[in-house]
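In what follows, a single structure is set out as structure tokens and then discussed.
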Amino acid sequence: MDVASLLLELYDRIPSLARDAVEGLGADQLTQRPSADANTIAWLVWHLTRVQDHHVSELLETDQMWVEDDWARRFGLEPDSGNTGYGHSPADVATVRPADPEALVEYLDAVMDRTRTFLEHLSPDELDRGVDRRWDPPVTLGVRLVSIADDSLQHAGQAAYLRGLLGG
């Protein structure tokens with residue numbers, strides 16, 4: 001199996017997990033919390049998508065879909081390219097309020113389409129390219145792609161767990 005196929009297999013698992021976590025839920029269920037400082041299903045799926053959108057757009061040296069398209073409005077948020085959910089307080093988590101599950105799934109699908117196109121053309125030699133020199137050692141493209149997938153899968157699993165916990 002070539003590297004592009006392997007990464008596509010990994011990334012293609014994300015949308016179905018996220019979709020299963022949100023399908024059929026209303027706005028109240030998407031934003032329900034098991035405790036006052038817990039994340040919501042909506043926030044978890046929004047965050048995993050924002051991180052992928054942010055990081056992949058950086059790799060492609062292009063604008064984020066969050067800023068470029070009309071996604072922020074569908075979540076009641078500003079199109080702030082730096083707002084990915086990192087460092088969010090409980091009050092910040094509460095601001096992520098999609099009208100319905102479709103907003104979450106459609107944003108993820110749009111971001112995944114761009115990610116898939118990027119991964120389809122990836123060669124093994126490119127994985128060693130340094131993409132973030134703020135770390136020691138510098139982060140390579142391969143490490144960044146694994147990190148994005150890992151973050152997405154963890155948050156999709158948390159959303160699924162939360163749905164079960166809340167009886168969704």
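Every chain in the structure tokens takes a letter, A first, then B, and so on in the order presented; its residues are numbered from 1, and the ligands are numbered from 1 following the presented order.
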
Open item on the list: Quick one: residues within 10 Å of A:Val143, only C-alpha atoms, excluding same-chain residues fewer than 6 positions away - as a count of residues only?
Closed with: 5

Task: Residues near A:Asn39, cut-off 10 Å, only C-alpha atoms, skip fewer than 5 positions along chain, as a ChimeraX atom specification - done: /A:31-34,44,88-90,92-94,158-159,162

Open item on the list: Give me, as JSON, numbers by chain, all polymer residues having an atom no more than 10 Å from A:Leu8, counting only C-alpha atoms and skipping those fewer than 6 positions away in the same chain.
Closed with: {"A": [115, 116, 117, 118, 119, 120]}

Open item on the list: Would you compute the distance between atom CA of A:Gly26 and atom CA of A:Tyr107? Give it in Å to one decimal.
Closed with: 17.0 Å

Task: Residue nearest A:His55 among A:Pro101, A:Pro15, A:Gly82, A:Pro137 (counting only C-alpha atoms) - done: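 For A:His55, the nearest of the given residues is A:Gly82.
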
Task: Who sits within 12 Å of A:Asn83, only C-alpha atoms, same chain under 6 positions skipped, as a ChimeraX atom specification - done: /A:43,46-51,53-54,64,66-67,72,77,92-93,95-96

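One distance worth recording is that between atom CA of A:Asp109 and atom CA of A:Val139, which is 26.4 Å.
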
Open item on the list: Taking the DSSP secondary structure from the backbone, can you list the residues of stretch 37-147 of chain A that are helix (DSSP H, G or I), as a ChimeraX atom specification?
Closed with: /A:41-60,65-68,71-74,90-94,101-120,124-128,141-147

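Closest approach to A:Gly85 among A:Val45, A:Val22, A:Leu6, A:Leu17: A:Val45, based on only C-alpha atoms.
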
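Counting from atom CA of A:Glu102, the distance to atom CA of A:Ser16 is 13.2 Å.
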
Task: Counting only C-alpha atoms, the residue of A:Ser35, A:Ser5, A:Gln52, A:Thr84 that sits nearest A:Leu145 - done: A:Gln52

Task: Selected residue of minimal separation from A:Glu9 among A:Ala99, A:Leu104, A:Ala156, A:Ala149, counting only C-alpha atoms - done: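 Checking each candidate against A:Glu9, we get A:Ala149 as the closest.
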
Open item on the list: Calculated over only C-alpha atoms, which of the candidates A:Gly142, A:Met112, A:Arg133, A:Val105 has the smallest distance to A:Gly24?
Closed with: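 For A:Gly24, the nearest of the candidates is A:Val105.
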
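The smallest atom-to-atom distance between A:Tyr161 and any of A:Asp28, A:Pro124, A:Met1, A:Ile41, using only C-alpha atoms, is found for A:Ile41.
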
Task: strand (DSSP E or B) per DSSP on the backbone: members of stretch 3-151 of chain A, as a list of chain:residue names - done: A:Gly130, A:Val131, A:Asp132, A:Val139, A:Thr140
